[in-house]
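Dumped work.cif below, it's mmCIF, C-alpha atoms:
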data_coords
#
loop_
_atom_site.label_atom_id
_atom_site.label_comp_id
_atom_site.auth_asym_id
_atom_site.auth_seq_id
_atom_site.Cartn_x
_atom_site.Cartn_y
_atom_site.Cartn_z
CA MET A 1 11.72 17.69 6.37
CA SER A 2 13.24 17.99 2.90
CA VAL A 3 15.10 16.06 0.20
CA PHE A 4 17.01 17.48 -2.77
CA VAL A 5 16.97 15.45 -5.99
CA GLY A 6 19.10 15.72 -9.14
CA THR A 7 20.97 13.51 -11.63
CA ASP A 8 24.15 12.92 -13.66
CA ARG A 9 26.97 15.45 -13.38
CA HIS A 10 29.03 14.85 -16.51
CA ALA A 11 31.95 17.16 -15.75
CA GLN A 12 35.69 16.63 -16.00
CA TYR A 13 37.27 15.14 -12.90
CA GLU A 14 39.90 17.41 -11.36
CA THR A 15 42.39 15.39 -9.28
CA ARG A 16 44.01 18.27 -7.45
CA ALA A 17 40.73 19.96 -6.59
CA ALA A 18 39.36 16.71 -5.23
CA GLU A 19 42.50 15.99 -3.18
CA ASP A 20 42.44 19.51 -1.75
CA ALA A 21 38.82 19.03 -0.81
CA GLU A 22 39.57 15.79 1.01
CA THR A 23 42.39 17.24 3.10
CA GLU A 24 40.79 20.61 3.77
CA ALA A 25 38.66 20.91 6.89
CA ALA A 26 35.19 21.33 5.43
CA GLN A 27 33.39 24.32 6.93
CA PRO A 28 29.87 25.64 6.41
CA PRO A 29 29.58 29.00 4.67
CA GLU A 30 30.95 31.97 6.59
CA GLY A 31 28.58 33.39 9.15
CA THR A 32 26.85 30.09 9.92
CA GLU A 33 27.32 27.87 12.95
CA LYS A 34 28.07 24.18 12.90
CA VAL A 35 25.18 22.04 14.12
CA PRO A 36 25.69 18.46 15.36
CA PRO A 37 24.38 15.96 12.80
CA LYS A 38 21.03 14.36 13.57
CA LYS A 39 20.53 10.63 13.65
CA PRO A 40 19.89 8.98 10.26
CA GLU A 41 16.21 8.37 11.09
CA LYS A 42 15.64 12.13 11.31
CA THR A 43 17.32 13.30 8.11
CA PRO A 44 15.87 15.33 5.25
CA VAL A 45 17.38 14.46 1.90
CA PHE A 46 18.93 16.29 -1.01
CA ASP A 47 18.74 14.08 -4.07
CA ALA A 48 21.04 14.96 -6.95
CA GLN A 49 21.18 11.96 -9.18
CA GLY A 50 24.28 11.65 -11.26
CA SER A 51 26.72 13.98 -9.60
CA LEU A 52 30.23 14.24 -10.97
CA ILE A 53 33.36 15.02 -9.06
CA TRP A 54 34.29 18.68 -8.60
CA HIS A 55 34.06 21.62 -11.01
CA ASN A 56 30.44 20.91 -11.75
CA HIS A 57 27.13 22.39 -10.65
CA LEU A 58 26.54 20.31 -7.52
CA THR A 59 28.03 22.90 -5.17
CA ASP A 60 26.19 25.69 -7.04
CA VAL A 61 22.80 24.00 -6.81
CA LEU A 62 23.31 23.04 -3.17
CA SER A 63 24.27 26.63 -2.46
CA ARG A 64 21.01 27.82 -4.05
CA VAL A 65 19.13 25.64 -1.59
CA ARG A 66 21.28 26.87 1.29
CA GLN A 67 20.58 30.49 0.38
CA ASP A 68 16.84 30.01 -0.13
CA PRO A 69 15.13 31.52 2.96
CA ASP A 70 11.98 29.49 2.28
CA ALA A 71 13.73 26.11 1.92
CA VAL A 72 13.81 23.48 4.64
CA GLN A 73 17.50 22.64 4.64
CA PRO A 74 18.34 19.03 3.69
CA GLU A 75 20.48 16.82 5.88
CA VAL A 76 20.73 13.83 3.54
CA ILE A 77 22.06 14.37 0.02
CA LEU A 78 20.81 11.50 -2.14
CA LEU A 79 22.85 11.14 -5.34
CA GLY A 80 21.91 8.67 -8.03
CA GLY A 81 24.98 7.63 -9.96
CA ASP A 82 27.41 8.67 -12.72
CA PHE A 83 29.71 10.52 -10.40
CA ILE A 84 32.77 11.03 -12.62
CA GLY A 85 31.52 12.22 -15.97
CA GLU A 86 33.59 12.76 -19.12
CA GLY A 87 36.11 10.15 -20.12
CA SER A 88 34.00 7.16 -19.18
CA ASP A 89 32.45 6.58 -22.60
CA SER A 90 35.76 6.55 -24.45
CA SER A 91 37.53 4.25 -21.96
CA ARG A 92 36.01 0.76 -22.02
CA ASP A 93 36.87 -2.60 -20.54
CA VAL A 94 37.34 -5.80 -22.55
CA THR A 95 33.59 -6.41 -22.60
CA GLY A 96 32.86 -3.00 -24.14
CA TYR A 97 31.37 -1.36 -21.05
CA PRO A 98 32.50 2.10 -19.86
CA MET A 99 35.31 1.87 -17.34
CA GLY A 100 34.28 4.92 -15.36
CA ALA A 101 37.74 6.38 -15.93
CA PRO A 102 39.63 8.14 -14.52
CA PRO A 103 39.78 6.64 -11.00
CA PHE A 104 38.04 8.80 -8.40
CA SER A 105 36.89 8.82 -4.80
CA MET A 106 33.44 9.68 -3.50
CA LYS A 107 35.21 11.47 -0.64
CA ALA A 108 35.41 14.41 -3.04
CA VAL A 109 31.62 14.46 -3.23
CA ASP A 110 31.42 14.24 0.56
CA ALA A 111 33.67 17.30 0.66
CA GLN A 112 31.41 19.23 -1.71
CA ILE A 113 28.39 18.52 0.46
CA ALA A 114 30.27 19.49 3.63
CA HIS A 115 31.51 22.69 1.97
CA VAL A 116 27.92 23.90 1.67
CA PHE A 117 26.14 22.34 4.64
CA GLY A 118 28.98 21.66 7.08
CA GLU A 119 28.84 18.40 9.00
CA THR A 120 25.06 18.39 9.27
CA ALA A 121 24.52 16.78 5.84
CA ARG A 122 24.88 13.11 4.98
CA GLY A 123 25.51 11.74 1.49
CA LEU A 124 23.78 8.59 0.20
CA TYR A 125 24.92 7.30 -3.20
CA THR A 126 23.33 4.82 -5.58
CA TYR A 127 25.50 3.15 -8.22
CA GLY A 128 25.30 4.32 -11.85
CA SER A 129 26.64 3.23 -15.21
CA HIS A 130 29.93 5.20 -15.03
CA ASP A 131 31.10 4.44 -11.50
CA LYS A 132 33.26 1.37 -11.99
CA ASN A 133 36.54 3.08 -11.06
CA GLU A 134 35.44 4.50 -7.72
CA ALA A 135 38.32 3.73 -5.36
CA GLY A 136 36.36 2.25 -2.44
CA SER A 137 34.59 -1.06 -2.09
CA TYR A 138 30.99 -1.16 -3.27
CA GLY A 139 29.39 -1.78 0.12
CA ASP A 140 31.40 0.95 1.82
CA VAL A 141 30.44 3.66 -0.70
CA PHE A 142 27.14 2.83 -2.41
CA PHE A 143 23.74 1.74 -1.13
CA SER A 144 20.60 0.06 -2.33
CA GLY A 145 17.54 -1.00 -0.42
CA PRO A 146 15.74 0.90 2.36
CA VAL A 147 16.94 3.73 4.57
CA ARG A 148 14.64 5.01 7.31
CA GLY A 149 13.93 8.73 7.52
CA ASP A 150 11.75 10.72 9.87
CA GLY A 151 8.26 9.72 8.75
CA TYR A 152 9.38 8.56 5.29
CA TYR A 153 11.74 6.05 3.65
CA LEU A 154 14.43 6.22 1.01
CA TYR A 155 15.01 3.26 -1.29
CA GLY A 156 17.95 2.85 -3.66
CA ILE A 157 18.03 0.87 -6.94
CA SER A 158 21.43 0.21 -8.50
CA PHE A 159 22.28 0.20 -12.22
CA ALA A 160 22.34 -3.62 -12.47
CA GLN A 161 19.02 -3.91 -10.66
CA MET A 162 17.30 -2.03 -13.50
CA ILE A 163 19.20 -3.03 -16.65
CA HIS A 164 18.86 -6.77 -15.92
CA ASP A 165 15.45 -8.37 -15.59
CA SER A 166 16.79 -11.64 -14.15
CA ASP A 167 19.88 -12.85 -12.32
CA GLN A 168 20.61 -15.15 -15.25
CA GLN A 169 20.61 -12.21 -17.66
CA ALA A 170 23.15 -10.38 -15.48
CA GLY A 171 25.89 -12.75 -16.62
CA MET A 172 24.99 -12.78 -20.32
CA GLU A 173 25.99 -10.65 -23.29
CA ASP A 174 23.56 -7.89 -24.17
CA ASP A 175 22.28 -7.23 -27.68
CA ARG A 176 25.51 -5.37 -28.49
CA GLY A 177 27.81 -8.21 -27.40
CA ARG A 178 28.77 -6.66 -24.07
CA THR A 179 28.85 -8.33 -20.67
CA TYR A 180 28.28 -6.04 -17.71
CA GLN A 181 30.91 -6.23 -14.94
CA GLY A 182 30.02 -3.31 -12.66
CA LYS A 183 30.71 -3.23 -8.92
CA ASP A 184 27.01 -3.49 -8.10
CA LEU A 185 27.04 -7.15 -9.13
CA THR A 186 28.12 -7.68 -5.50
CA ASP A 187 24.99 -5.95 -4.16
CA ALA A 188 23.39 -7.94 -1.34
CA ASN A 189 19.96 -6.66 -2.41
CA GLY A 190 20.20 -8.29 -5.82
CA ILE A 191 21.82 -7.99 -9.23
CA SER A 192 18.61 -7.78 -11.26
CA ALA A 193 15.04 -6.53 -11.12
CA GLN A 194 13.86 -10.08 -10.45
CA THR A 195 15.66 -10.37 -7.11
CA ALA A 196 15.75 -6.71 -6.07
CA SER A 197 12.04 -6.04 -6.69
CA HIS A 198 11.12 -9.19 -4.77
CA LEU A 199 13.15 -7.98 -1.77
CA PHE A 200 11.61 -4.52 -2.17
CA LEU A 201 8.06 -5.90 -1.98
CA SER A 202 8.94 -8.18 0.93
CA TRP A 203 10.26 -5.16 2.81
CA VAL A 204 7.19 -3.05 1.96
CA LYS A 205 4.77 -5.77 3.05
CA GLY A 206 6.58 -6.03 6.37
CA LEU A 207 6.05 -2.35 7.19
CA GLU A 208 3.45 -1.52 9.82
CA ASP A 209 3.19 2.12 8.73
CA HIS A 210 2.10 3.90 5.55
CA TRP A 211 4.99 6.34 5.29
CA PRO A 212 5.82 7.73 1.83
CA ILE A 213 8.77 6.16 0.01
CA LEU A 214 11.26 8.03 -2.19
CA VAL A 215 12.84 5.59 -4.65
CA MET A 216 16.06 6.62 -6.39
CA SER A 217 17.03 4.64 -9.47
CA HIS A 218 19.90 5.64 -11.74
CA VAL A 219 18.00 4.27 -14.76
CA PRO A 220 14.39 5.21 -15.67
CA ILE A 221 11.47 2.90 -16.34
CA HIS A 222 10.20 4.35 -19.61
CA ALA A 223 11.36 2.79 -22.86
CA HIS A 224 13.62 4.82 -25.10
CA ARG A 225 17.17 3.46 -25.37
CA GLY A 226 16.62 -0.26 -24.83
CA ASP A 227 18.96 -0.45 -21.83
CA ASN A 228 16.53 -1.13 -18.98
CA SER A 229 15.01 -4.57 -19.48
CA GLY A 230 13.99 -4.78 -15.79
CA ALA A 231 11.73 -1.73 -16.10
CA TRP A 232 8.40 -3.51 -16.46
CA THR A 233 9.19 -5.75 -13.48
CA TRP A 234 9.89 -2.67 -11.37
CA ALA A 235 6.79 -0.83 -12.66
CA ARG A 236 4.57 -3.65 -11.43
CA ALA A 237 6.37 -3.90 -8.08
CA LEU A 238 6.13 -0.14 -7.49
CA ASN A 239 2.44 -0.15 -8.44
CA GLU A 240 1.82 -2.89 -5.90
CA ALA A 241 3.73 -1.00 -3.20
CA ALA A 242 1.71 2.14 -4.00
CA GLU A 243 -1.46 0.46 -2.73
CA ASN A 244 -0.35 1.30 0.82
CA HIS A 245 2.29 4.00 0.36
CA ASP A 246 2.81 7.18 -1.63
CA ILE A 247 5.71 6.28 -3.94
CA PHE A 248 7.91 8.88 -5.67
CA PHE A 249 10.22 7.29 -8.27
CA LEU A 250 13.25 9.43 -9.21
CA TRP A 251 15.55 8.75 -12.14
CA GLY A 252 18.28 10.10 -14.44
CA HIS A 253 20.78 8.28 -16.71
CA ASN A 254 19.53 8.97 -20.25
CA HIS A 255 17.45 12.13 -19.58
CA THR A 256 15.13 11.35 -22.48
CA LEU A 257 11.37 11.31 -22.69
CA GLU A 258 9.28 8.51 -24.10
CA ARG A 259 8.24 10.34 -27.23
CA GLY A 260 11.73 10.84 -28.65
CA LYS A 261 13.58 13.64 -30.36
CA GLU A 262 11.17 16.54 -30.07
CA ASP A 263 11.66 16.99 -26.33
CA THR A 264 13.74 19.89 -25.06
CA ALA A 265 16.38 19.95 -22.35
CA LEU A 266 13.97 21.76 -20.04
CA GLU A 267 11.24 19.19 -20.65
CA ARG A 268 13.65 16.37 -19.88
CA ALA A 269 14.77 17.96 -16.63
CA ASN A 270 11.19 18.65 -15.51
CA TYR A 271 9.66 15.36 -16.63
CA LEU A 272 6.82 14.38 -14.29
CA LEU A 273 4.07 11.76 -14.56
CA LEU A 274 1.29 11.52 -11.97
CA PRO A 275 -0.64 8.51 -10.67
CA GLY A 276 -3.29 7.56 -13.21
CA GLU A 277 -1.12 8.48 -16.21
CA LYS A 278 0.27 5.80 -18.51
CA ILE A 279 3.90 4.90 -19.09
CA THR A 280 5.48 2.80 -21.84
CA ALA A 281 7.90 0.56 -19.96
CA GLN A 282 10.88 -1.26 -21.41
CA SER A 283 10.30 -5.01 -21.65
CA TRP A 284 11.64 -8.08 -23.50
CA THR A 285 10.72 -11.39 -25.11
CA LEU A 286 12.45 -14.68 -25.96
CA ASN A 287 13.43 -15.79 -29.45
CA GLU A 288 13.13 -19.34 -30.74
CA ASP A 289 16.43 -20.25 -29.08
CA GLY A 290 15.27 -19.01 -25.71
CA LYS A 291 17.51 -15.93 -25.80
CA MET A 292 16.20 -12.65 -24.44
CA ILE A 293 15.70 -9.95 -27.06
CA LEU A 294 14.82 -6.28 -26.49
CA ARG A 295 13.96 -5.30 -30.06
CA LYS A 296 11.72 -6.86 -32.69
CA PRO A 297 11.61 -6.25 -36.45
CA ALA A 298 9.30 -3.42 -37.45
CA PHE A 299 7.66 -3.27 -40.84
CA PRO A 300 8.51 -0.05 -42.74
CA ALA A 301 5.76 2.35 -43.73
CA SER A 302 4.37 1.81 -47.22
CA ASP A 303 6.19 4.80 -48.68
CA GLU A 304 9.48 3.52 -47.21
CA SER A 305 9.29 -0.04 -48.48
CA SER A 306 12.27 -0.98 -50.59
CA SER A 307 14.37 -4.08 -51.07
CA GLU A 308 17.42 -1.94 -50.42
CA SER A 309 16.19 -0.38 -47.19
CA GLU A 310 17.93 -1.20 -43.89
CA PRO A 311 15.97 -3.48 -41.53
CA LYS A 312 14.02 -1.54 -38.90
CA TYR A 313 13.56 -2.58 -35.28
CA GLU A 314 11.40 -1.32 -32.46
CA LEU A 315 11.73 -1.77 -28.72
CA ILE A 316 9.60 -4.37 -27.01
CA THR A 317 7.44 -2.49 -24.53
CA ARG A 318 4.45 -2.84 -22.23
CA GLU A 319 2.09 -0.08 -21.18
CA GLU A 320 1.31 0.42 -17.51
CA THR A 321 -0.98 2.83 -15.67
CA LEU A 322 1.02 4.43 -12.88
CA ARG A 323 -0.08 4.34 -9.27
CA PHE A 324 3.03 6.25 -8.22
CA TYR A 325 4.73 9.57 -9.04
CA TYR A 326 7.43 9.39 -11.71
CA LEU A 327 9.89 12.26 -12.15
CA ASN A 328 13.33 13.17 -13.37
CA ALA A 329 15.35 13.97 -10.28
CA GLY A 330 17.07 16.83 -12.14
CA TYR A 331 20.22 17.13 -14.23
CA ILE A 332 23.18 18.59 -12.37
CA THR A 333 25.16 18.94 -15.61
CA ASN A 334 22.65 21.60 -16.67
CA GLY A 335 22.33 23.04 -13.17
CA VAL A 336 18.87 21.60 -12.49
CA GLY A 337 17.91 19.97 -9.20
CA SER A 338 14.86 19.52 -7.01
CA LEU A 339 14.05 19.91 -3.33
CA LEU A 340 11.34 17.60 -1.98
CA THR A 341 9.83 18.88 1.25
CA PHE A 342 7.44 16.96 3.51
CA THR A 343 4.97 19.07 5.47
CA ASP A 344 2.67 18.25 8.40
CA THR A 345 -0.04 20.89 7.98
CA GLU A 346 -2.38 19.23 10.50
CA GLU A 347 0.38 19.04 13.11
CA ASP A 348 -0.61 15.49 13.97
CA GLY A 349 2.83 13.94 13.49
CA ILE A 350 2.07 12.62 9.98
CA TRP A 351 3.28 14.15 6.70
CA ASP A 352 0.25 15.15 4.62
CA ARG A 353 1.80 16.85 1.60
CA LEU A 354 5.00 16.91 -0.43
CA THR A 355 6.27 20.01 -2.21
CA LEU A 356 8.54 19.71 -5.25
CA LYS A 357 10.73 22.76 -5.83
CA ARG A 358 12.91 22.87 -8.96
CA TYR A 359 16.10 24.95 -8.97
CA THR A 360 17.54 26.03 -12.33
CA LEU A 361 20.88 27.85 -12.31
CA ASP A 362 20.68 29.32 -15.82
CA SER A 363 17.46 31.21 -15.20
CA GLY A 364 17.84 31.62 -11.46
CA GLU A 365 14.18 30.72 -11.15
CA THR A 366 12.37 28.09 -9.13
CA GLU A 367 9.21 26.17 -9.98
CA GLU A 368 7.02 24.72 -7.25
CA ARG A 369 4.32 22.03 -7.15
CA THR A 370 2.55 20.45 -4.19
CA PHE A 371 1.15 16.91 -4.00
CA PRO A 372 -1.24 15.68 -1.28
CA LEU A 373 -0.16 12.57 0.60
CA ARG A 374 -2.80 9.97 1.37
CA GLN A 375 -3.90 9.48 4.96
CA TRP A 376 -4.64 6.05 6.39
CA ASN A 377 -6.75 5.41 9.48
#

Represent the structure from my file as structure tokens, please.
Amino acid sequence: MSVFVGTDRHAQYETRAAEDAETEAAQPPEGTEKVPPKKPEKTPVFDAQGSLIWHNHLTDVLSRVRQDPDAVQPEVILLGGDFIGEGSDSSRDVTGYPMGAPPFSMKAVDAQIAHVFGETARGLYTYGSHDKNEAGSYGDVFFSGPVRGDGYYLYGISFAQMIHDSDQQAGMEDDRGRTYQGKDLTDANGISAQTASHLFLSWVKGLEDHWPILVMSHVPIHAHRGDNSGAWTWARALNEAAENHDIFFLWGHNHTLERGKEDTALERANYLLLPGEKITAQSWTLNEDGKMILRKPAFPASDESSSESEPKYELITREETLRFYYLNAGYITNGVGSLLTFTDTEEDGIWDRLTLKRYTLDSGETEERTFPLRQWN
């Protein structure tokens, strides 16, 4: 049972290529036979967060998995937002948010998946920050909340569910004077961390099993850019859920590390924190007028003090000790993705380990790590 994970595919959208892909009968690679798709509850997953339409590395990375003789082939491709890529930052709506231009259809991504795996693979898509101009309705294309697998669960977190800490905040201007108007504000599972995390915990507490849960969020939890004020709320909810489940939290979006500028592209793509390690989560406070603020004034160092110096600000953060696994799902733009494979070594019908296998197109190499899954009586 396997899942492939990756993130943001910032590549130029090619209309003709996408249209050709939609009309062309998608076939698996030559020399392979079509296999009837399994039911959703028995589907491995490929997770490639942030996958852009056509002429990008999604097909290349998926093909690497397909050609790997040691890989358990995925049947669910879990993509975590930002599907169109270049053009979105320069085209903004009246509130200042990226439009997600040009218009596109996720059917082109479906076609890419089918081109590699035939009709056996299923795509599941969470909503990112650049997906506003996807042609379909939100509920017909994107998902959040739980999806049942074979001995494990998938759980999707939309962009709005991480950048907003409360439902009230979702309708307010941010600290740059912008008001978010993305399609995921219609999400039935909530428009903020407040609502979505509450529904997440209610769902977890209602489970009678201890199956592992793979959580895909477009936006990370760690503090770096000041654009995820719901992060601390989610960190606490995920820690609580991890008391009875192995939780693997996957993210993309800004592809930065907590410590700042000294990180390399490879470090960002391979970022992994284990249970017991600490994370600095984005948080917020209220000013004297009751308005949420994400940054507070920071006093300059003594050698920088000057009446002419610009005011300095630092993010408001809270430190948490993780009880769950925290990893970058990969970065499809740079040809990096990950295959997560569940294994039942005891052959007792329960997954007892998870193997993370990183695929990197530039080097052609793979890196592998194995994590034990807890067993409950």

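Against the coordinates shown, the PyMOL selection byres ((chain A and resi 121) around 6) returns Glu75, Val76, Phe117, Glu119, Thr120 and Arg122 of chain A.
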
For the file shown, report as a VMD selection string the outcome of the PyMOL selection byres ((chain A and resi 104) around 6) at residue level. chain A and resid 103 105 134 to 135

Restricted to C-alpha atoms, what would the selected residues look like written as a PDB file, keeping the file's coordinate frame?
ATOM      1  CA  PRO A 103      39.780   6.640 -11.000  1.00  0.00           C
ATOM      2  CA  SER A 105      36.890   8.820  -4.800  1.00  0.00           C
ATOM      3  CA  GLU A 134      35.440   4.500  -7.720  1.00  0.00           C
ATOM      4  CA  ALA A 135      38.320   3.730  -5.360  1.00  0.00           C
TER       5      ALA A 135
END

Rounded to one decimal, what separation in Å do you get between atom CA of A:Gly349 and atom CA of A:Leu201?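 If I compute the distance from atom CA of A:Gly349 to atom CA of A:Leu201, I get 25.7 Å.
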
Please determine, counting only C-alpha atoms, which residue among A:Ala193, A:Lys312, A:Ile293, A:Pro372 has the shortest atom-to-atom distance to A:Leu274.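 Under the stated criterion, the closest residue is A:Pro372.
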
Which residues of stretch 138-166 of chain A sit at most 7 Å from stretch 217-224 of chain A, using only C-alpha atoms? Give each one's shortest atom pair and distance in Å (one decimal place), in chain and ascending residue order, as a Markdown table.
| residue | atom | partner | partner_atom | distance |
| --- | --- | --- | --- | --- |
| A:Gly156 | CA | A:Ser217 | CA | 6.1 |
| A:Ile157 | CA | A:Ser217 | CA | 4.6 |
| A:Ser158 | CA | A:Ser217 | CA | 6.3 |
| A:Phe159 | CA | A:His218 | CA | 6.0 |
| A:Met162 | CA | A:Val219 | CA | 6.5 |

Hey, can you pull every residue with an atom no more than 12 Å from (20.9, 24.2, -7.6), using only C-alpha atoms, and send it as a ChimeraX atom specification? /A:4-7,46-48,51,56-68,116,329-339,357-366

List as a list in words the protein and nucleic acid residues near A:Asp184, meaning an atom at most 10 Å away when all atoms listed in the file are counted, but skip any in the same chain fewer than 2 places from it. Thr126, Tyr127, Gly128, Ser129, Asp131, Lys132, Ser137, Tyr138, Gly139, Phe142, Phe143, Ser144, Ser158, Phe159, Ala160, Gln161, Gln181, Gly182, Thr186, Asp187, Ala188, Asn189, Gly190, Ile191 and Ser192 of chain A

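The interatomic distance for the pair atom CA of A:Ala196 and atom CA of A:Ala241 works out to 13.6 Å.
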
Between atom CA of A:Gln282 and atom CA of A:Asn239, what is the distance, to one decimal in Å?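 If I compute the distance from atom CA of A:Gln282 to atom CA of A:Asn239, I get 15.5 Å.
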
Just say which residues the PyMOL selection byres ((chain A and resi 370) around 10) picks in this file, as a PyMOL selection string. chain A and resi 340-342+353-357+368-369+371-373

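Closest approach to A:Leu273 among A:Asn328, A:Gln168, A:Tyr125, A:Val147: A:Asn328, based on all atoms listed in the file.
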
Incomplete stretch 347-372 of chain A filled out to N, CA and C atoms as an mmCIF file, keeping the file's coordinate frame:
data_model
loop_
_atom_site.group_PDB
_atom_site.id
_atom_site.type_symbol
_atom_site.label_atom_id
_atom_site.label_comp_id
_atom_site.auth_asym_id
_atom_site.auth_seq_id
_atom_site.Cartn_x
_atom_site.Cartn_y
_atom_site.Cartn_z
ATOM 1 N N GLU A 347 -0.395 19.132 11.877
ATOM 2 C CA GLU A 347 0.380 19.040 13.110
ATOM 3 C C GLU A 347 -0.050 17.846 13.963
ATOM 4 N N ASP A 348 -0.237 16.706 13.271
ATOM 5 C CA ASP A 348 -0.610 15.490 13.970
ATOM 6 C C ASP A 348 0.494 14.439 13.933
ATOM 7 N N GLY A 349 1.694 14.862 13.522
ATOM 8 C CA GLY A 349 2.830 13.940 13.490
ATOM 9 C C GLY A 349 2.913 13.104 12.241
ATOM 10 N N ILE A 350 2.080 13.386 11.228
ATOM 11 C CA ILE A 350 2.070 12.620 9.980
ATOM 12 C C ILE A 350 2.207 13.586 8.809
ATOM 13 N N TRP A 351 3.147 13.302 7.891
ATOM 14 C CA TRP A 351 3.280 14.150 6.700
ATOM 15 C C TRP A 351 2.003 14.048 5.864
ATOM 16 N N ASP A 352 1.464 15.188 5.430
ATOM 17 C CA ASP A 352 0.250 15.150 4.620
ATOM 18 C C ASP A 352 0.396 15.795 3.257
ATOM 19 N N ARG A 353 1.572 16.357 2.950
ATOM 20 C CA ARG A 353 1.800 16.850 1.600
ATOM 21 C C ARG A 353 3.308 16.857 1.311
ATOM 22 N N LEU A 354 3.609 16.828 0.023
ATOM 23 C CA LEU A 354 5.000 16.910 -0.430
ATOM 24 C C LEU A 354 5.100 18.008 -1.466
ATOM 25 N N THR A 355 6.051 18.907 -1.277
ATOM 26 C CA THR A 355 6.270 20.010 -2.210
ATOM 27 C C THR A 355 7.539 19.749 -3.018
ATOM 28 N N LEU A 356 7.415 19.852 -4.335
ATOM 29 C CA LEU A 356 8.540 19.710 -5.250
ATOM 30 C C LEU A 356 8.969 21.095 -5.705
ATOM 31 N N LYS A 357 10.208 21.454 -5.436
ATOM 32 C CA LYS A 357 10.730 22.760 -5.830
ATOM 33 C C LYS A 357 11.936 22.555 -6.730
ATOM 34 N N ARG A 358 11.832 23.013 -7.987
ATOM 35 C CA ARG A 358 12.910 22.870 -8.960
ATOM 36 C C ARG A 358 13.808 24.109 -8.923
ATOM 37 N N TYR A 359 15.113 23.867 -8.895
ATOM 38 C CA TYR A 359 16.100 24.950 -8.970
ATOM 39 C C TYR A 359 16.817 24.867 -10.302
ATOM 40 N N THR A 360 16.873 25.975 -11.041
ATOM 41 C CA THR A 360 17.540 26.030 -12.330
ATOM 42 C C THR A 360 18.554 27.169 -12.310
ATOM 43 N N LEU A 361 19.836 26.831 -12.442
ATOM 44 C CA LEU A 361 20.880 27.850 -12.310
ATOM 45 C C LEU A 361 20.858 28.859 -13.439
ATOM 46 N N ASP A 362 20.616 28.420 -14.672
ATOM 47 C CA ASP A 362 20.680 29.320 -15.820
ATOM 48 C C ASP A 362 19.704 30.482 -15.684
ATOM 49 N N SER A 363 18.481 30.174 -15.293
ATOM 50 C CA SER A 363 17.460 31.210 -15.200
ATOM 51 C C SER A 363 17.411 31.830 -13.809
ATOM 52 N N GLY A 364 17.934 31.129 -12.821
ATOM 53 C CA GLY A 364 17.840 31.620 -11.460
ATOM 54 C C GLY A 364 16.461 31.504 -10.874
ATOM 55 N N GLU A 365 15.561 30.825 -11.593
ATOM 56 C CA GLU A 365 14.180 30.720 -11.150
ATOM 57 C C GLU A 365 13.931 29.391 -10.450
ATOM 58 N N THR A 366 12.825 29.329 -9.736
ATOM 59 C CA THR A 366 12.370 28.090 -9.130
ATOM 60 C C THR A 366 10.932 27.839 -9.539
ATOM 61 N N GLU A 367 10.578 26.567 -9.653
ATOM 62 C CA GLU A 367 9.210 26.170 -9.980
ATOM 63 C C GLU A 367 8.729 25.260 -8.870
ATOM 64 N N GLU A 368 7.496 25.443 -8.423
ATOM 65 C CA GLU A 368 7.020 24.720 -7.250
ATOM 66 C C GLU A 368 5.689 24.038 -7.529
ATOM 67 N N ARG A 369 5.571 22.774 -7.071
ATOM 68 C CA ARG A 369 4.320 22.030 -7.150
ATOM 69 C C ARG A 369 4.126 21.276 -5.851
ATOM 70 N N THR A 370 2.864 21.127 -5.432
ATOM 71 C CA THR A 370 2.550 20.450 -4.190
ATOM 72 C C THR A 370 1.632 19.262 -4.459
ATOM 73 N N PHE A 371 1.939 18.131 -3.826
ATOM 74 C CA PHE A 371 1.150 16.910 -4.000
ATOM 75 C C PHE A 371 0.613 16.462 -2.648
ATOM 76 N N PRO A 372 -0.691 16.169 -2.556
ATOM 77 C CA PRO A 372 -1.240 15.680 -1.280
ATOM 78 C C PRO A 372 -0.792 14.237 -1.036
#
